[in-house]
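The next block is start-v5.cif, given as mmCIF, C-alpha atoms.
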data_start
#
loop_
_atom_site.group_PDB
_atom_site.id
_atom_site.type_symbol
_atom_site.label_atom_id
_atom_site.label_comp_id
_atom_site.auth_asym_id
_atom_site.auth_seq_id
_atom_site.Cartn_x
_atom_site.Cartn_y
_atom_site.Cartn_z
ATOM 1 C CA SER N 1 -38.958 138.237 -223.570
ATOM 2 C CA TRP N 2 -39.641 134.640 -222.545
ATOM 3 C CA VAL N 3 -41.301 134.113 -219.156
ATOM 4 C CA PRO N 4 -41.058 130.575 -217.730
ATOM 5 C CA SER N 5 -44.165 128.836 -216.449
ATOM 6 C CA THR N 6 -44.545 128.114 -212.738
ATOM 7 C CA GLU N 7 -44.590 124.434 -213.703
ATOM 8 C CA ALA N 8 -41.038 124.801 -215.064
ATOM 9 C CA ILE N 9 -39.530 126.542 -212.010
ATOM 10 C CA GLU N 10 -37.754 124.825 -209.133
ATOM 11 C CA ASP N 11 -36.627 127.918 -207.224
ATOM 12 C CA MET N 12 -37.042 131.700 -207.485
ATOM 13 C CA ARG N 13 -35.076 134.526 -205.844
ATOM 14 C CA VAL N 14 -35.336 138.316 -206.117
ATOM 15 C CA GLN N 15 -32.062 140.218 -206.485
ATOM 16 C CA VAL N 16 -32.400 143.937 -205.709
ATOM 17 C CA LYS N 17 -28.758 145.069 -205.706
ATOM 18 C CA THR N 18 -25.188 144.103 -206.645
ATOM 19 C CA ASN N 19 -26.262 143.013 -210.109
ATOM 20 C CA GLU N 20 -23.621 141.368 -212.265
ATOM 21 C CA ALA N 21 -22.502 142.924 -215.564
ATOM 22 C CA ASP N 22 -24.868 140.787 -217.629
ATOM 23 C CA MET N 23 -27.793 142.331 -215.720
ATOM 24 C CA GLY N 24 -26.640 145.913 -216.146
ATOM 25 C CA GLY N 25 -29.717 146.875 -218.151
ATOM 26 C CA ALA N 26 -32.059 146.204 -215.247
ATOM 27 C CA GLY N 27 -33.267 149.357 -213.509
ATOM 28 C CA GLY N 28 -34.806 147.563 -210.521
ATOM 29 C CA GLY N 29 -34.992 144.127 -209.030
ATOM 30 C CA VAL N 30 -34.085 140.990 -210.974
ATOM 31 C CA PHE N 31 -35.919 137.681 -210.719
ATOM 32 C CA ASN N 32 -33.527 134.727 -210.687
ATOM 33 C CA VAL N 33 -35.185 131.399 -211.406
ATOM 34 C CA THR N 34 -33.849 127.856 -211.483
ATOM 35 C CA ALA N 35 -35.491 125.511 -213.964
ATOM 36 C CA ARG N 36 -36.925 122.311 -212.530
ATOM 37 C CA SER N 37 -35.094 119.052 -213.213
ATOM 38 C CA GLY N 38 -36.184 115.452 -213.306
ATOM 39 C CA SER N 39 -34.948 112.785 -210.916
ATOM 40 C CA ASN N 40 -34.883 109.011 -210.533
ATOM 41 C CA GLN N 41 -38.581 109.081 -209.644
ATOM 42 C CA PHE N 42 -41.366 109.951 -212.026
ATOM 43 C CA ARG N 43 -43.445 112.833 -210.764
ATOM 44 C CA GLY N 44 -45.705 115.495 -212.181
ATOM 45 C CA SER N 45 -48.622 117.833 -211.623
ATOM 46 C CA ALA N 46 -51.801 119.097 -213.281
ATOM 47 C CA LEU N 47 -54.121 122.018 -212.663
ATOM 48 C CA PHE N 48 -57.130 123.780 -214.156
ATOM 49 C CA VAL N 49 -58.416 127.265 -213.250
ATOM 50 C CA SER N 50 -61.652 128.823 -214.484
ATOM 51 C CA LYS N 51 -63.351 132.168 -213.888
ATOM 52 C CA PRO N 52 -66.688 132.165 -215.729
ATOM 53 C CA GLY N 53 -68.273 135.463 -216.691
ATOM 54 C CA TRP N 54 -71.529 134.735 -214.879
ATOM 55 C CA ALA N 55 -69.641 134.572 -211.571
ATOM 56 C CA THR N 56 -68.167 138.066 -211.968
ATOM 57 C CA GLY N 57 -69.889 140.894 -210.130
ATOM 58 C CA GLN N 58 -70.970 144.163 -211.719
ATOM 59 C CA LEU N 59 -67.951 146.111 -212.919
ATOM 60 C CA PHE N 60 -67.509 149.559 -211.365
ATOM 61 C CA PHE N 61 -67.536 151.613 -214.572
ATOM 62 C CA ALA N 62 -70.299 149.532 -216.155
ATOM 63 C CA LYS N 63 -72.452 150.066 -213.070
ATOM 64 C CA ARG N 64 -71.676 153.777 -213.037
ATOM 65 C CA ALA N 65 -72.671 154.111 -216.709
ATOM 66 C CA GLY N 66 -75.793 151.987 -216.203
ATOM 67 C CA ILE N 67 -74.794 149.380 -218.785
ATOM 68 C CA PRO N 68 -74.482 145.586 -218.445
ATOM 69 C CA ASN N 69 -71.177 143.821 -217.958
ATOM 70 C CA PRO N 70 -69.344 143.049 -221.206
ATOM 71 C CA PRO N 71 -68.644 139.350 -221.862
ATOM 72 C CA GLN N 72 -65.604 138.057 -219.977
ATOM 73 C CA ASN N 73 -64.140 134.774 -218.822
ATOM 74 C CA TYR N 74 -60.841 133.053 -218.068
ATOM 75 C CA SER N 75 -59.681 129.442 -218.294
ATOM 76 C CA GLY N 76 -56.156 128.219 -217.651
ATOM 77 C CA TRP N 77 -54.587 124.800 -217.487
ATOM 78 C CA ALA N 78 -51.068 123.545 -216.834
ATOM 79 C CA GLY N 79 -49.184 120.363 -216.179
ATOM 80 C CA SER N 80 -45.752 118.834 -215.891
ATOM 81 C CA ILE N 81 -44.018 115.477 -215.804
ATOM 82 C CA GLY N 82 -40.439 114.403 -215.237
ATOM 83 C CA GLY N 83 -38.272 111.443 -214.433
ATOM 84 C CA PRO N 84 -35.288 109.380 -215.520
ATOM 85 C CA ILE N 85 -34.204 108.673 -219.095
ATOM 86 C CA VAL N 86 -31.179 106.690 -217.912
ATOM 87 C CA ARG N 87 -31.365 106.001 -214.199
ATOM 88 C CA ASN N 88 -28.756 107.915 -212.148
ATOM 89 C CA LYS N 89 -27.456 109.533 -215.349
ATOM 90 C CA THR N 90 -29.976 111.344 -217.551
ATOM 91 C CA PHE N 91 -33.230 113.031 -216.516
ATOM 92 C CA PHE N 92 -35.964 115.110 -218.151
ATOM 93 C CA TRP N 93 -38.652 117.588 -217.121
ATOM 94 C CA PHE N 94 -41.502 118.720 -219.394
ATOM 95 C CA SER N 95 -44.065 121.415 -218.607
ATOM 96 C CA LYS N 96 -47.031 122.988 -220.357
ATOM 97 C CA ASP N 97 -48.994 126.107 -219.421
ATOM 98 C CA ASP N 98 -51.895 127.495 -221.510
ATOM 99 C CA TYR N 99 -54.805 129.865 -221.037
ATOM 100 C CA VAL N 100 -57.560 131.692 -222.880
ATOM 101 C CA GLN N 101 -59.461 134.701 -221.616
ATOM 102 C CA LYS N 102 -61.909 137.364 -222.670
ATOM 103 C CA SER N 103 -61.169 140.529 -220.716
ATOM 104 C CA THR N 104 -62.483 144.091 -220.830
ATOM 105 C CA ARG N 105 -61.325 147.681 -220.750
ATOM 106 C CA ASN N 106 -63.450 150.739 -219.928
ATOM 107 C CA ASN N 107 -62.850 154.304 -221.041
ATOM 108 C CA VAL N 108 -64.832 157.528 -221.427
ATOM 109 C CA LEU N 109 -64.050 158.967 -224.864
ATOM 110 C CA THR N 110 -64.826 162.421 -226.287
ATOM 111 C CA PHE N 111 -66.614 162.609 -229.650
ATOM 112 C CA PRO N 112 -68.219 165.451 -231.632
ATOM 113 C CA THR N 113 -71.985 165.779 -231.399
ATOM 114 C CA ALA N 114 -74.296 165.276 -234.384
ATOM 115 C CA LEU N 115 -74.486 169.069 -234.886
ATOM 116 C CA GLU N 116 -70.707 169.466 -234.681
ATOM 117 C CA ARG N 117 -70.206 166.731 -237.290
ATOM 118 C CA ALA N 118 -72.292 168.843 -239.669
ATOM 119 C CA GLY N 119 -70.171 171.901 -238.869
ATOM 120 C CA ASP N 120 -72.727 173.513 -236.535
ATOM 121 C CA PHE N 121 -71.006 174.751 -233.358
ATOM 122 C CA SER N 122 -73.804 177.141 -232.340
ATOM 123 C CA GLN N 123 -74.564 174.933 -229.313
ATOM 124 C CA SER N 124 -70.971 174.012 -228.406
ATOM 125 C CA ARG N 125 -69.847 175.326 -225.040
ATOM 126 C CA ASN N 126 -66.836 174.754 -222.798
ATOM 127 C CA SER N 127 -66.928 173.538 -219.195
ATOM 128 C CA ALA N 128 -67.588 177.112 -218.027
ATOM 129 C CA GLY N 129 -70.674 177.356 -220.244
ATOM 130 C CA GLN N 130 -69.054 179.794 -222.692
ATOM 131 C CA LEU N 131 -69.642 179.467 -226.418
ATOM 132 C CA ILE N 132 -66.705 177.919 -228.281
ATOM 133 C CA THR N 133 -66.054 180.337 -231.126
ATOM 134 C CA ILE N 134 -64.966 178.808 -234.445
ATOM 135 C CA TYR N 135 -62.916 181.236 -236.533
ATOM 136 C CA ASP N 136 -62.563 181.253 -240.310
ATOM 137 C CA PRO N 137 -58.831 180.836 -241.063
ATOM 138 C CA LEU N 138 -59.316 182.433 -244.512
ATOM 139 C CA THR N 139 -60.165 185.780 -242.881
ATOM 140 C CA THR N 140 -56.856 186.039 -241.023
ATOM 141 C CA ARG N 141 -55.310 189.506 -241.457
ATOM 142 C CA SER N 142 -52.914 191.879 -239.763
ATOM 143 C CA ASN N 143 -54.233 194.125 -237.029
ATOM 144 C CA GLY N 144 -51.622 196.772 -237.823
ATOM 145 C CA ALA N 145 -49.875 196.296 -234.487
ATOM 146 C CA GLY N 146 -47.795 193.245 -235.297
ATOM 147 C CA GLY N 147 -50.603 190.795 -234.557
ATOM 148 C CA PHE N 148 -53.414 189.117 -236.445
ATOM 149 C CA VAL N 149 -57.189 189.073 -236.274
ATOM 150 C CA ARG N 150 -59.786 186.823 -237.894
ATOM 151 C CA ASP N 151 -63.542 186.603 -238.116
ATOM 152 C CA PRO N 152 -65.771 183.830 -236.721
ATOM 153 C CA PHE N 153 -67.902 181.797 -239.075
ATOM 154 C CA PRO N 154 -71.370 183.340 -239.395
ATOM 155 C CA GLY N 155 -73.644 181.781 -236.802
ATOM 156 C CA ASN N 156 -70.645 179.732 -235.617
ATOM 157 C CA VAL N 157 -71.403 177.248 -238.406
ATOM 158 C CA ILE N 158 -68.748 175.914 -240.825
ATOM 159 C CA PRO N 159 -70.176 175.706 -244.378
ATOM 160 C CA ALA N 160 -70.484 172.145 -245.686
ATOM 161 C CA ASN N 161 -68.124 172.852 -248.591
ATOM 162 C CA ARG N 162 -65.418 173.940 -246.141
ATOM 163 C CA ILE N 163 -65.363 170.680 -244.144
ATOM 164 C CA ASN N 164 -62.395 168.471 -245.014
ATOM 165 C CA PRO N 165 -63.573 165.205 -246.664
ATOM 166 C CA ILE N 166 -60.939 163.253 -244.713
ATOM 167 C CA SER N 167 -62.490 164.336 -241.411
ATOM 168 C CA VAL N 168 -65.941 163.446 -242.750
ATOM 169 C CA ALA N 169 -64.727 159.917 -243.561
ATOM 170 C CA MET N 170 -63.126 159.586 -240.102
ATOM 171 C CA MET N 171 -66.279 160.700 -238.283
ATOM 172 C CA ALA N 172 -68.420 158.249 -240.266
ATOM 173 C CA ASN N 173 -66.868 155.401 -238.241
ATOM 174 C CA MET N 174 -67.190 157.113 -234.866
ATOM 175 C CA PRO N 175 -70.150 156.504 -232.547
ATOM 176 C CA LEU N 176 -72.301 159.370 -231.314
ATOM 177 C CA PRO N 177 -71.778 160.483 -227.698
ATOM 178 C CA ASP N 178 -74.026 159.073 -224.966
ATOM 179 C CA THR N 179 -74.306 162.412 -223.161
ATOM 180 C CA GLY N 180 -72.795 165.716 -224.209
ATOM 181 C CA ARG N 181 -69.572 164.746 -225.938
ATOM 182 C CA SER N 182 -68.908 161.691 -223.714
ATOM 183 C CA PHE N 183 -69.049 158.105 -224.948
ATOM 184 C CA ASN N 184 -68.768 155.191 -222.504
ATOM 185 C CA GLY N 185 -66.501 152.847 -224.424
ATOM 186 C CA GLN N 186 -66.003 149.191 -223.530
ATOM 187 C CA ALA N 187 -63.344 147.096 -225.211
ATOM 188 C CA THR N 188 -63.554 143.309 -225.285
ATOM 189 C CA LEU N 189 -60.149 141.656 -225.653
ATOM 190 C CA ASP N 190 -59.957 138.057 -226.847
ATOM 191 C CA ASP N 191 -56.642 137.240 -225.235
ATOM 192 C CA GLY N 192 -55.448 133.856 -226.365
ATOM 193 C CA PRO N 193 -54.971 131.102 -226.705
ATOM 194 C CA GLN N 194 -51.599 131.578 -225.004
ATOM 195 C CA ARG N 195 -49.358 128.517 -225.121
ATOM 196 C CA GLN N 196 -46.070 127.593 -223.493
ATOM 197 C CA GLU N 197 -44.027 124.402 -223.353
ATOM 198 C CA THR N 198 -40.616 123.689 -221.858
ATOM 199 C CA LEU N 199 -38.323 120.669 -221.922
ATOM 200 C CA LYS N 200 -35.211 120.336 -219.793
ATOM 201 C CA VAL N 201 -32.700 117.461 -219.987
ATOM 202 C CA ASP N 202 -29.921 116.926 -217.433
ATOM 203 C CA HIS N 203 -26.999 114.535 -217.880
ATOM 204 C CA LYS N 204 -24.594 113.603 -215.121
ATOM 205 C CA TRP N 205 -21.231 112.699 -216.672
ATOM 206 C CA ASN N 206 -19.676 111.945 -213.291
ATOM 207 C CA ASP N 207 -19.795 113.210 -209.720
ATOM 208 C CA ARG N 208 -17.988 116.438 -210.695
ATOM 209 C CA PHE N 209 -19.343 117.283 -214.147
ATOM 210 C CA ARG N 210 -22.927 117.648 -215.391
ATOM 211 C CA THR N 211 -24.649 119.325 -218.346
ATOM 212 C CA SER N 212 -28.215 120.541 -218.741
ATOM 213 C CA GLY N 213 -30.083 121.805 -221.786
ATOM 214 C CA MET N 214 -33.459 123.532 -221.889
ATOM 215 C CA TYR N 215 -35.834 124.440 -224.721
ATOM 216 C CA GLY N 216 -38.789 126.785 -224.242
ATOM 217 C CA TYR N 217 -41.583 127.755 -226.613
ATOM 218 C CA GLN N 218 -44.135 130.506 -226.094
ATOM 219 C CA TYR N 219 -46.943 131.747 -228.347
ATOM 220 C CA THR N 220 -49.133 134.707 -227.414
ATOM 221 C CA GLU N 221 -51.910 136.720 -229.011
ATOM 222 C CA GLU N 222 -51.883 140.216 -227.532
ATOM 223 C CA PRO N 223 -54.885 142.378 -228.497
ATOM 224 C CA GLY N 224 -55.167 146.143 -228.409
ATOM 225 C CA SER N 225 -58.239 147.885 -227.016
ATOM 226 C CA ALA N 226 -60.968 148.733 -229.547
ATOM 227 C CA PHE N 227 -63.692 150.752 -227.797
ATOM 228 C CA TRP N 228 -66.010 150.715 -230.810
ATOM 229 C CA GLY N 229 -66.313 148.632 -233.964
ATOM 230 C CA GLU N 230 -64.980 145.094 -234.263
ATOM 231 C CA HIS N 231 -61.486 143.656 -234.654
ATOM 232 C CA PHE N 232 -60.534 143.228 -238.324
ATOM 233 C CA THR N 233 -64.161 143.045 -239.581
ATOM 234 C CA VAL N 234 -65.777 146.478 -239.096
ATOM 235 C CA ALA N 235 -63.931 149.773 -239.440
ATOM 236 C CA GLY N 236 -63.620 151.202 -235.951
ATOM 237 C CA ASP N 237 -61.180 152.273 -233.297
ATOM 238 C CA PRO N 238 -57.674 152.545 -234.801
ATOM 239 C CA GLY N 239 -56.352 151.250 -231.465
ATOM 240 C CA GLY N 240 -57.890 147.849 -232.171
ATOM 241 C CA SER N 241 -55.089 145.477 -233.117
ATOM 242 C CA MET N 242 -53.632 142.028 -232.532
ATOM 243 C CA LEU N 243 -49.965 141.203 -231.977
ATOM 244 C CA TYR N 244 -48.951 137.601 -232.644
ATOM 245 C CA ARG N 245 -45.737 136.763 -230.798
ATOM 246 C CA THR N 246 -43.716 133.541 -231.015
ATOM 247 C CA ILE N 247 -40.637 132.939 -228.845
ATOM 248 C CA ASN N 248 -38.188 130.037 -229.061
ATOM 249 C CA PHE N 249 -35.635 129.799 -226.254
ATOM 250 C CA PHE N 250 -32.703 127.410 -225.935
ATOM 251 C CA SER N 251 -29.919 127.253 -223.371
ATOM 252 C CA VAL N 252 -27.100 124.879 -222.412
ATOM 253 C CA ASN N 253 -25.318 124.991 -219.087
ATOM 254 C CA SER N 254 -22.365 122.906 -217.848
ATOM 255 C CA ILE N 255 -21.068 122.791 -214.291
ATOM 256 C CA LEU N 256 -17.615 121.461 -213.473
ATOM 257 C CA ILE N 257 -16.332 121.027 -209.896
ATOM 258 C CA PRO N 258 -12.514 120.581 -210.256
ATOM 259 C CA VAL N 259 -12.019 120.528 -206.474
ATOM 260 C CA ASN N 260 -14.387 120.714 -203.543
ATOM 261 C CA VAL N 261 -13.984 124.495 -203.158
ATOM 262 C CA THR N 262 -14.142 125.539 -206.843
ATOM 263 C CA THR N 263 -17.031 125.551 -209.331
ATOM 264 C CA VAL N 264 -16.851 126.487 -213.015
ATOM 265 C CA ALA N 265 -20.086 127.176 -214.932
ATOM 266 C CA GLY N 266 -20.377 127.623 -218.687
ATOM 267 C CA PRO N 267 -23.784 129.016 -219.709
ATOM 268 C CA ALA N 268 -24.927 129.666 -223.262
ATOM 269 C CA GLY N 269 -28.363 130.562 -224.527
ATOM 270 C CA HIS N 270 -30.367 131.845 -227.490
ATOM 271 C CA ASN N 271 -33.736 133.565 -227.529
ATOM 272 C CA HIS N 272 -35.738 134.743 -230.524
#
Produce structure tokens that represent the structure in this file.
Amino acid sequence: SWVPSTEAIEDMRVQVKTNEADMGGAGGGVFNVTARSGSNQFRGSALFVSKPGWATGQLFFAKRAGIPNPPQNYSGWAGSIGGPIVRNKTFFWFSKDDYVQKSTRNNVLTFPTALERAGDFSQSRNSAGQLITIYDPLTTRSNGAGGFVRDPFPGNVIPANRINPISVAMMANMPLPDTGRSFNGQATLDDGPQRQETLKVDHKWNDRFRTSGMYGYQYTEEPGSAFWGEHFTVAGDPGGSMLYRTINFFSVNSILIPVNVTTVAGPAGHNH
């Protein structure tokens, strides 16, 4: 969905009940926003926000794991300008809102140990300290009482020729655990650049009839979290991904006031 920039909004209200039929899909509150319009005076705004990585304190999970902060930063900028095209008749309002950021995610992942990757589970124990027995599925047989029994691998070690080559290829790209089977994973997400522009034009036909049209554009790069490996260059976490999203939004709205106590609105819009 398209989310308007703060630079493009004149007014915002939250509607929590008595939703109209066109909002029937909303399970909770609805944000109603009115797009900003130009006037007979030129006006505008500009802003820049920055959060450099060096100014960020030690992250909780990084401190707990005894590792340095991953790289992170944020920079955002926005601006707007509006005014008359034809004085007292036609007005415009343009806004722009962009940002780039490098953010992080932390997670503790579970990976097989070096011995387990080779099929050796002689040292593998559960949280209660009990040996995790690995059974040979080829020894499965009936116990004569309607059930089945099977034998463990000798020494709790799976022979090398019994290990599936697909699992071997998968484990080749996995990091070794830091302690036990735990791996402190940190994902760096290059989020951006994110871009958004809007343009609204209002035309006053007469004191009782006016039309407004608005175009909005939004481009986002939305990364998935890769806790090991690199995006697109080194085989790694299958969760690592990047979604490129482009949205074009257009709407036209006309308001007619036939008499002082009656208003007729005719909205139409398209979003893709």
Item checked: Minimum-distance residue to Asp207 of chain N, chosen among N:Val259, N:Leu176, N:Met242, N:Ala187 (using all atoms listed in the file) ->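 That would be N:Val259, the residue with the smallest distance to Asp207 of chain N.
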Margin query: Measuring between all atoms listed in the file, which one of N:Pro112, N:Pro175, N:Pro258, N:Pro165 shows the shortest distance to Phe227 of chain N?
Written below: N:Pro175
Report, as AutoDock Vina command-line options, the centre and edge lengths in Å (one decimal) of the axis-aligned box enclosing every listed atom of segment 207-217 of chain N, padded by 5 Å on each side.
--center_x -29.8 --center_y 120.5 --center_z -218.2 --size_x 33.6 --size_y 24.5 --size_z 26.9
Next item on the list: Any chance you could resolve the PyMOL selection byres ((chain N and resi 228) around 8) against this file and give the residues as a PyMOL selection string?
Entry: chain N and resi 174-175+185-187+226-227+229-230+236-237
Next item on the list: Return as an NGL selection string the set of residues that the PyMOL selection byres ((chain N and resi 13) around 10) yields on the displayed structure.
Entry: :N and (11-12 or 14-16 or 30-34)
Item checked: Selection near His203 of chain N, 10 Å with all atoms listed in the file, sequence-local residues under 4 positions removed, as a PyMOL selection string -> chain N and resi 85-86+88-92+209-213+254
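Of note, atom CA of Ala114 of chain N and atom CA of Gly129 of chain N are spaced 18.9 Å apart.
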Check: With distances taken over all atoms listed in the file, which of N:Lys17, N:Ala46, N:Gly83, N:Glu116 is nearest to Gly29 of chain N?
Finding: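 Result for the nearest residue to Gly29 of chain N: N:Lys17.
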When the PyMOL selection byres ((chain N and resi 240) around 6) is applied to the file above, which residues end up in the set, as a compact mmCIF listing (two decimals) with C-alpha atoms, keeping the file's coordinate frame?
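Resulting contents of result.txt:
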# COMPACT_ATOMS: atom_id res chain seq x y z
CA GLY N 224 -55.17 146.14 -228.41
CA SER N 225 -58.24 147.88 -227.02
CA ALA N 226 -60.97 148.73 -229.55
CA ASP N 237 -61.18 152.27 -233.30
CA PRO N 238 -57.67 152.54 -234.80
CA GLY N 239 -56.35 151.25 -231.46
CA SER N 241 -55.09 145.48 -233.12
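Taking atom CA of Phe153 of chain N as the reference point, atom CA of Pro137 of chain N is found at 9.3 Å.
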Item checked: Spatial neighbours of Phe61 of chain N, max dist 7 Å, all atoms listed in the file, sep filter under 3 positions, as a PyMOL selection string -> chain N and resi 64-65+106
Margin query: Between atom CA of Arg105 of chain N and atom CA of Leu189 of chain N, what is the distance in Å, rounded to a tenth?
Written below: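 Interatomic distance, atom CA of Arg105 of chain N to atom CA of Leu189 of chain N: 7.9 Å.
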Next item on the list: Find the residues near Pro159 of chain N: any atom within 9 Å, counting only C-alpha atoms, skip ones fewer than 2 places away on the same chain, and give them as number ranges by chain.
Entry: N: 118-120, 153, 157, 161-163
Generate the coordinates of N, CA, C and O atoms for segment 107-121 of chain N; report them as a PDB file, in the frame of the given file.
ATOM      1  N   ASN N 107     -63.408 152.971-220.854  1.00  0.00           N
ATOM      2  CA  ASN N 107     -62.850 154.304-221.041  1.00  0.00           C
ATOM      3  C   ASN N 107     -63.977 155.251-221.433  1.00  0.00           C
ATOM      4  O   ASN N 107     -64.933 154.844-222.094  1.00  0.00           O
ATOM      5  N   VAL N 108     -63.885 156.502-221.017  1.00  0.00           N
ATOM      6  CA  VAL N 108     -64.832 157.528-221.427  1.00  0.00           C
ATOM      7  C   VAL N 108     -64.146 158.367-222.496  1.00  0.00           C
ATOM      8  O   VAL N 108     -63.153 159.056-222.226  1.00  0.00           O
ATOM      9  N   LEU N 109     -64.647 158.288-223.724  1.00  0.00           N
ATOM     10  CA  LEU N 109     -64.050 158.967-224.864  1.00  0.00           C
ATOM     11  C   LEU N 109     -64.845 160.225-225.209  1.00  0.00           C
ATOM     12  O   LEU N 109     -66.032 160.333-224.892  1.00  0.00           O
ATOM     13  N   THR N 110     -64.186 161.170-225.863  1.00  0.00           N
ATOM     14  CA  THR N 110     -64.826 162.421-226.287  1.00  0.00           C
ATOM     15  C   THR N 110     -65.019 162.408-227.793  1.00  0.00           C
ATOM     16  O   THR N 110     -64.053 162.216-228.545  1.00  0.00           O
ATOM     17  N   PHE N 111     -66.282 162.605-228.229  1.00  0.00           N
ATOM     18  CA  PHE N 111     -66.614 162.609-229.650  1.00  0.00           C
ATOM     19  C   PHE N 111     -67.432 163.850-229.987  1.00  0.00           C
ATOM     20  O   PHE N 111     -68.136 164.392-229.119  1.00  0.00           O
ATOM     21  N   PRO N 112     -67.375 164.317-231.230  1.00  0.00           N
ATOM     22  CA  PRO N 112     -68.219 165.451-231.632  1.00  0.00           C
ATOM     23  C   PRO N 112     -69.692 165.047-231.666  1.00  0.00           C
ATOM     24  O   PRO N 112     -70.038 163.903-231.943  1.00  0.00           O
ATOM     25  N   THR N 113     -70.551 166.015-231.356  1.00  0.00           N
ATOM     26  CA  THR N 113     -71.985 165.779-231.399  1.00  0.00           C
ATOM     27  C   THR N 113     -72.456 165.706-232.854  1.00  0.00           C
ATOM     28  O   THR N 113     -71.693 166.002-233.795  1.00  0.00           O
ATOM     29  N   ALA N 114     -73.739 165.348-233.029  1.00  0.00           N
ATOM     30  CA  ALA N 114     -74.296 165.276-234.384  1.00  0.00           C
ATOM     31  C   ALA N 114     -74.258 166.643-235.058  1.00  0.00           C
ATOM     32  O   ALA N 114     -73.964 166.757-236.265  1.00  0.00           O
ATOM     33  N   LEU N 115     -74.548 167.723-234.317  1.00  0.00           N
ATOM     34  CA  LEU N 115     -74.486 169.069-234.886  1.00  0.00           C
ATOM     35  C   LEU N 115     -73.058 169.437-235.272  1.00  0.00           C
ATOM     36  O   LEU N 115     -72.816 169.994-236.355  1.00  0.00           O
ATOM     37  N   GLU N 116     -72.106 169.126-234.403  1.00  0.00           N
ATOM     38  CA  GLU N 116     -70.707 169.466-234.681  1.00  0.00           C
ATOM     39  C   GLU N 116     -70.185 168.715-235.892  1.00  0.00           C
ATOM     40  O   GLU N 116     -69.366 169.247-236.655  1.00  0.00           O
ATOM     41  N   ARG N 117     -70.637 167.487-236.106  1.00  0.00           N
ATOM     42  CA  ARG N 117     -70.206 166.731-237.290  1.00  0.00           C
ATOM     43  C   ARG N 117     -70.660 167.405-238.572  1.00  0.00           C
ATOM     44  O   ARG N 117     -70.009 167.279-239.610  1.00  0.00           O
ATOM     45  N   ALA N 118     -71.780 168.117-238.499  1.00  0.00           N
ATOM     46  CA  ALA N 118     -72.292 168.843-239.669  1.00  0.00           C
ATOM     47  C   ALA N 118     -71.713 170.247-239.763  1.00  0.00           C
ATOM     48  O   ALA N 118     -72.101 171.016-240.636  1.00  0.00           O
ATOM     49  N   GLY N 119     -70.793 170.585-238.840  1.00  0.00           N
ATOM     50  CA  GLY N 119     -70.171 171.901-238.869  1.00  0.00           C
ATOM     51  C   GLY N 119     -70.870 172.939-238.038  1.00  0.00           C
ATOM     52  O   GLY N 119     -70.466 174.106-238.029  1.00  0.00           O
ATOM     53  N   ASP N 120     -71.946 172.566-237.324  1.00  0.00           N
ATOM     54  CA  ASP N 120     -72.727 173.513-236.535  1.00  0.00           C
ATOM     55  C   ASP N 120     -72.222 173.521-235.088  1.00  0.00           C
ATOM     56  O   ASP N 120     -72.446 172.574-234.337  1.00  0.00           O
ATOM     57  N   PHE N 121     -71.540 174.599-234.711  1.00  0.00           N
ATOM     58  CA  PHE N 121     -71.006 174.751-233.358  1.00  0.00           C
ATOM     59  C   PHE N 121     -71.775 175.819-232.577  1.00  0.00           C
ATOM     60  O   PHE N 121     -71.271 176.356-231.586  1.00  0.00           O
TER      61      PHE N 121
END
